[in-house]
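> Have a look at this one.
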Amino acid sequence: MLSLIEASGLTRREFGQQVGLDESKMSKSLSGARRFSSVDLARIADLCKVTVDWLITGEEPPLALAARTTSGKAGIALTAAKRYSTLRTDVAPLGYPQPWQARGQGLAEGGYAEQGRSLARDALTRVKGAGHSIATGNLVTLVEEVFGVDVAVVELGTGFDGLAASSEHVKLVVLATSHVPARQRFTLAHELGHLLAGDDQDIHLDRDVYDKAQSKDPSEMRANAFAASFLMPEELLRIRLGSAGLNEHSFAALACDLMVTPSALAYRLLHLRLIDAGTCDRYKAITASRAASMAARGEEFAQRVTQASTPRPPGLLVRDTYAAYEAGAATLRPYANLLEVDVDELRQALESEHGTPDAP
């Protein structure tokens, strides 16, 4: 704490005023006669851009180090991940831990691709048990609700798909905004695969989830196999094809239903030996927008593009930071930071008695 005060350039009294501690309380806390409360620590961490965990342990997590030393689009993604991870780490000891539940069993035997497919079967069972379907709704919301992962969508431009970050208190996926909804959806499933597999990485960067060079990396093979099996379940595909087979229009409708690219669906069907190589070559040439047009679902496709192109903070973290504020366990600033709004304006809006017109 003393090193932070010195680095701030403020006197102890000025520093205390910034975090809501009068001179007496600050003096007693620094001397050890008074403990810093959880709210004190939250305010100090927010002011100094550090985590509460760092205040207590003095250890800088790998994500913070990576965010400090990485440049370019990966650096932007890491900075966002650090911000969200810091907030999650700080809100956890206040009684709002991340609702992530680790898998109760190890990885299946066999190759990495089979491990990915096995993980997908388990994940789909969880989705079904929670009353959801992989073919309906928003995948970001589904992953948050079913798996307890914080998912953020951040403006990064092209050339970087996303990342997964994992620590004791944090399970986070950061996605790049995209004009190709199916690519963003595949990236999310890919990163979820890394988290569910428990890959031994604090941070996993994916500049291009479709990069063929990644096929040589065992963890990437597993994550890709997971994503394909999770988004395009074998049982569902066999039921949809049935005995009638497939034509271009029904193929396009299926790609729209599953919200995947036609090329990904074509390769998946080929892998399952539901179509031959020649049919795969024809179908994979169809673009996502053309598939939507063929299935008369252009408006739906446009809405998905808009949604995938819109930045979004982690929904679970937004919920928990506001709950901590409402309970008096944290200040309003973390919630305002997540919404990227001025804290004083937000406080005024929340406390205003004139926010809505009187009912007639």
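Chains: A, B, ... in order of the structure tokens. Residues: from 1 per chain. Ligands: from 1, in order shown.
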Please identify which residues in stretch 187-307 of chain A DSSP calls alpha helix (DSSP H) from the backbone, and express them as a ChimeraX atom specification.
/A:187-197,218-231,234-241,248-258,262-271,277-284,288-294,298-307
> Residues within 9 Å of A:Asp206, please, as a ChimeraX atom specification. Count only C-alpha atoms; anything in the same chain fewer than 2 positions from it doesn't count.
/A:74,160-164,187,191,204,208-209
> For the residues in the current selection, export N, CA, C and O atoms as a PDB file, in the first residue's frame.

ATOM      1  N   ALA A  74      -3.523  -8.197 -30.248  1.00  0.00           N
ATOM      2  CA  ALA A  74      -3.453  -9.128 -29.120  1.00  0.00           C
ATOM      3  C   ALA A  74      -3.303  -8.361 -27.812  1.00  0.00           C
ATOM      4  O   ALA A  74      -3.879  -8.738 -26.791  1.00  0.00           O
ATOM      5  N   PHE A 160      -7.630 -11.000 -35.516  1.00  0.00           N
ATOM      6  CA  PHE A 160      -7.530 -11.603 -34.185  1.00  0.00           C
ATOM      7  C   PHE A 160      -8.913 -12.095 -33.789  1.00  0.00           C
ATOM      8  O   PHE A 160      -9.867 -11.327 -33.773  1.00  0.00           O
ATOM      9  N   ASP A 161      -9.042 -13.380 -33.510  1.00  0.00           N
ATOM     10  CA  ASP A 161     -10.359 -13.962 -33.238  1.00  0.00           C
ATOM     11  C   ASP A 161     -10.762 -13.911 -31.769  1.00  0.00           C
ATOM     12  O   ASP A 161     -11.911 -13.630 -31.452  1.00  0.00           O
ATOM     13  N   GLY A 162      -9.841 -14.227 -30.867  1.00  0.00           N
ATOM     14  CA  GLY A 162     -10.228 -14.211 -29.462  1.00  0.00           C
ATOM     15  C   GLY A 162      -9.195 -14.858 -28.569  1.00  0.00           C
ATOM     16  O   GLY A 162      -8.117 -15.262 -29.006  1.00  0.00           O
ATOM     17  N   LEU A 163      -9.544 -14.961 -27.290  1.00  0.00           N
ATOM     18  CA  LEU A 163      -8.649 -15.583 -26.319  1.00  0.00           C
ATOM     19  C   LEU A 163      -9.463 -16.206 -25.198  1.00  0.00           C
ATOM     20  O   LEU A 163     -10.623 -15.851 -24.966  1.00  0.00           O
ATOM     21  N   ALA A 164      -8.834 -17.122 -24.494  1.00  0.00           N
ATOM     22  CA  ALA A 164      -9.398 -17.705 -23.282  1.00  0.00           C
ATOM     23  C   ALA A 164      -8.409 -17.483 -22.155  1.00  0.00           C
ATOM     24  O   ALA A 164      -7.190 -17.633 -22.342  1.00  0.00           O
ATOM     25  N   THR A 187     -15.385 -19.471 -32.845  1.00  0.00           N
ATOM     26  CA  THR A 187     -14.319 -19.052 -31.934  1.00  0.00           C
ATOM     27  C   THR A 187     -14.741 -19.251 -30.486  1.00  0.00           C
ATOM     28  O   THR A 187     -13.962 -19.742 -29.654  1.00  0.00           O
ATOM     29  N   GLU A 191     -12.853 -21.657 -27.826  1.00  0.00           N
ATOM     30  CA  GLU A 191     -12.286 -21.210 -26.544  1.00  0.00           C
ATOM     31  C   GLU A 191     -12.931 -21.946 -25.374  1.00  0.00           C
ATOM     32  O   GLU A 191     -12.268 -22.266 -24.381  1.00  0.00           O
ATOM     33  N   HIS A 204      -4.730 -18.194 -23.460  1.00  0.00           N
ATOM     34  CA  HIS A 204      -4.625 -18.845 -24.761  1.00  0.00           C
ATOM     35  C   HIS A 204      -5.090 -17.874 -25.825  1.00  0.00           C
ATOM     36  O   HIS A 204      -6.266 -17.504 -25.860  1.00  0.00           O
ATOM     37  N   ASP A 208      -6.155 -16.715 -35.277  1.00  0.00           N
ATOM     38  CA  ASP A 208      -6.938 -17.225 -36.401  1.00  0.00           C
ATOM     39  C   ASP A 208      -7.310 -18.671 -36.103  1.00  0.00           C
ATOM     40  O   ASP A 208      -6.493 -19.577 -36.227  1.00  0.00           O
ATOM     41  N   VAL A 209      -8.568 -18.884 -35.704  1.00  0.00           N
ATOM     42  CA  VAL A 209      -8.987 -20.240 -35.338  1.00  0.00           C
ATOM     43  C   VAL A 209      -9.040 -21.169 -36.546  1.00  0.00           C
ATOM     44  O   VAL A 209      -9.112 -22.386 -36.395  1.00  0.00           O
TER      45      VAL A 209
END
> With distances taken over only C-alpha atoms, which of A:Arg282, A:Arg273, A:Arg319, A:Arg222 is nearest to A:Asn247?
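Ranking A:Arg282, A:Arg273, A:Arg319, A:Arg222 by distance to A:Asn247, first place goes to A:Arg282.
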> Could you list, as an MDAnalysis selection string, every residue within 9 Å of stretch 258-270 of chain A, counting only C-alpha atoms and ignoring same-chain residues fewer than 4 positions away?
chainID A and resid 134:136 180:183 185:186 228:229 231:232 234 237 251:254 274:277 279:288 291
> Would you list the contacts of A:Ser3 as a ChimeraX atom specification, taking every protein, DNA or RNA residue within 12 Å and counting only C-alpha atoms, but skipping same-chain residues closer than 3 positions in sequence?
/A:6-12,15,30,48,55,58
> How many Å separate atom CA of A:Ala223 from atom CA of A:Arg121?
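Interatomic distance, atom CA of A:Ala223 to atom CA of A:Arg121: 13.2 Å.
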